[in-house]
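Peer 1: Got a structure here, written out as C-alpha cells. Questions coming.
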Amino acid sequence: MKILVTGAAGFIGFFVSKRLLDKGHTVIGLDNINDYYDVQLKYERLAQLGVDQNKAKVYHKITRSNSEANFSFIRLNLEDREALPLLFKTEKFDVVCNLAAQAGVRYSLENPEAYVDSNIVGFLNILECCRHHKIKHLVYASSSSVYGLNTKIPFETTDNVDHPISLYAATKKSNELMAHTYSHLYGFPTTGLRFFTVYGPWGRPDMAMFLFTEAIEKGNPIKVFNHGQMERDFTYIDDITEGVVRIIEGSVEKRLGLNELYKLYNIGNNNSVKLLDFIEAIEKGLGKVAVKEMLPMQPGDVTRTWANVDDLIRDYNYSPSTPIQKGVENFINWYLEFYKKLNYL
C-alpha cells in the first residue's frame, strides 16, 4: 500500500514508518519538525530512514530517500490548507496514519493555541483530505489522557470520557468526535488509538523515561510528582508499533464481524506499574541511585492509568510482550550510546 504517516520525525511516527517500510509498503513521511523538543533528535530519526538533514529543513519539498527507495519525506504543517490537499491529490494514498500532533499535557497549560492549531485545525484538514481523496482507512493517534478524572480501573473505551483535565486531552477527545462525524457522514473508516505512556529508544526528551535517565546519569535530582504515589501503563515502543501496523494492514470489515466504520482502541501494556518501581528499574540499569525531589501533583496530571486492550487482542491478535525491566534496559543502552556519540555525555 501507499501510506501517509504524519509525525514521521516523531517518536512513534518514526518507528511506524520504519516497520511499514520493512514490510514492503511505500511510505510518505510528513512532519513540520517544530522545536517543542530538540530538533536534532528528529533529524537523527529521519536519518535512520535515509533522509538528508539539509533537505529535511526545506518546506513543501518532497525529498526522495537515498537508502530507502520507497520512502519520501515532506516538511509541512497540517494546518496548511493549500499544500496538504495538493499532497493528497499528487500522491493518491491508500491509507493515512495521523500521528502528528502537538504533544504534552503540561505544555498545553502554557501554549494552548499550539494545540488548537495542530490538533484541531490540522486534524480537520486531514479529515477533509481523506474525504475528498477517497482514503480507504484513517488511523489516528488519540491518548489515554482523554480518561481524565476517571477512577474505574482498567480504562475501557466504553467508559465516559467527558471530563478531560488538560487542553491536550480535550483536543484528543475532539479528534475522536470529529472522526466519528466524518465516518458517519462520508462513509470512510476511521480508527482512533488511545496510546498509554509510550517509552523506548529514540523516545521524547519531555517524557519521564528520558527525563529520569538524563538526570540520574548526570547526578541531578529528579522531580517525582504526587510524592511518587502514581502508576502508569508504560508501553514499550515495539509493542505500540506492532499494534499500529496490524491495524493499518488489517481488514476493517472483520472487526467483530461487522462493518464498523468508526472504532476506538486502547493500545497499552495491559497492566499498571508503580512510578517508584519504574524509577528503581532505571536506577538498576544505570547503576546509580536517584536523588528524588518529592513534589505535589501537577495540574492536568492523573494518579493512575491502565489500559484494557481486550478488544484489540480480539480484533487484531495484539499482544504486548515487553516487560518493563527489558524495555528500560533497552532505552538506557540506546541513550548512553546515542548521546555519547553526539558528545552530549
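Chain labels follow the order of the C-alpha cells: the first chain is A, the next B, and so on; residue numbering restarts at 1 in every chain, and ligands are counted from 1 in their shown order.
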Using backbone DSSP assignments, extract all strand (DSSP E) residues from range 194-285 of chain A; output them as number ranges by chain.

Peer 2: A: 194-195, 198-199, 222-225, 231-232, 235-236, 262-267, 273-274

Peer 1: Please list as a ChimeraX atom specification every residue within 12 Å of Glu110 in chain A, counting only C-alpha atoms and excluding residues in the same chain fewer than 2 positions away.

Peer 2: /A:104-108,112-115,166-168,299-300

Peer 1: Among range 151-197 of chain A, which ones does DSSP place in alpha helix (DSSP H), written as a list in words?

Peer 2: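 Alpha helix (DSSP H) members of range 151-197 of chain A, listed: Leu167, Tyr168, Ala169, Ala170, Thr171, Lys172, Lys173, Ser174, Asn175, Glu176, Leu177, Met178, Ala179, His180, Thr181, Tyr182, Ser183, His184, Leu185 and Tyr186 of chain A.
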
Peer 1: At most 6 Å is the cut-off: for each residue in range 183-209 of chain A with any atom that close to an atom of range 227-238 of chain A, write down the nearest atom pair and the distance in Å rounded to one decimal, counting only C-alpha atoms, chain first then increasing number, as a Markdown table.

Peer 2:
| residue | atom | partner | partner_atom | distance |
| --- | --- | --- | --- | --- |
| A:Phe196 | CA | A:Asp233 | CA | 6.0 |
| A:Thr197 | CA | A:Phe234 | CA | 5.0 |
| A:Val198 | CA | A:Thr235 | CA | 4.8 |
| A:Tyr199 | CA | A:Tyr236 | CA | 5.2 |
| A:Gly200 | CA | A:Ile237 | CA | 5.5 |

Peer 1: Could the residues in this selection be written to a file with N, CA and C atoms, as a PDB file, in the first residue's frame?

Peer 2:
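Result file part.pdb:
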ATOM      1  N   PHE A 196      -0.980   4.710  25.590  1.00  0.00           N
ATOM      2  CA  PHE A 196      -0.691   4.757  27.022  1.00  0.00           C
ATOM      3  C   PHE A 196       0.820   4.823  27.245  1.00  0.00           C
ATOM      4  N   THR A 197       1.332   5.972  27.701  1.00  0.00           N
ATOM      5  CA  THR A 197       2.701   6.217  28.150  1.00  0.00           C
ATOM      6  C   THR A 197       3.730   5.383  27.389  1.00  0.00           C
ATOM      7  N   VAL A 198       4.011   5.801  26.177  1.00  0.00           N
ATOM      8  CA  VAL A 198       4.943   5.084  25.310  1.00  0.00           C
ATOM      9  C   VAL A 198       6.379   5.446  25.682  1.00  0.00           C
ATOM     10  N   TYR A 199       7.253   4.441  25.734  1.00  0.00           N
ATOM     11  CA  TYR A 199       8.663   4.683  26.060  1.00  0.00           C
ATOM     12  C   TYR A 199       9.536   3.738  25.245  1.00  0.00           C
ATOM     13  N   GLY A 200      10.828   4.023  25.213  1.00  0.00           N
ATOM     14  CA  GLY A 200      11.769   3.164  24.499  1.00  0.00           C
ATOM     15  C   GLY A 200      12.829   3.986  23.803  1.00  0.00           C
TER      16      GLY A 200
END

Peer 1: Which one of A:Trp334, A:Phe212, A:Tyr140, A:Tyr339 sits closest to Lys263 in chain A if you count only C-alpha atoms?

Peer 2: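 Smallest separation from Lys263 in chain A among the options: A:Tyr140.
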
Peer 1: In terms of the shortest atom-to-atom distance over only C-alpha atoms, which of A:Leu49, A:Ala8, A:Leu86, A:Ala169 is closest to Asn98 in chain A?

Peer 2: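 Closest to Asn98 in chain A of all the choices is A:Ala8.
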
Peer 1: Give the answer as one residue: which of A:Leu78, A:Val96, A:Ile153, A:Val309 has the shortest atom-to-atom distance to Asp117 in chain A, using only C-alpha atoms?

Peer 2: A:Leu78

Peer 1: List as a list in words the protein and nucleic acid residues near range 185-188 of chain A, meaning an atom at most 8 Å away when only C-alpha atoms are counted, but skip any in the same chain fewer than 4 places from it.

Peer 2: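 Here the answer would be Arg131, Lys134, Ile135, Lys136, His137, Leu138, Thr181 and Leu261 of chain A.
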
Peer 1: So, counting only C-alpha atoms, which residue among A:Gly148, A:Gly24, A:Pro221, A:Pro201 is closest to Ala290 in chain A?

Peer 2: A:Pro221
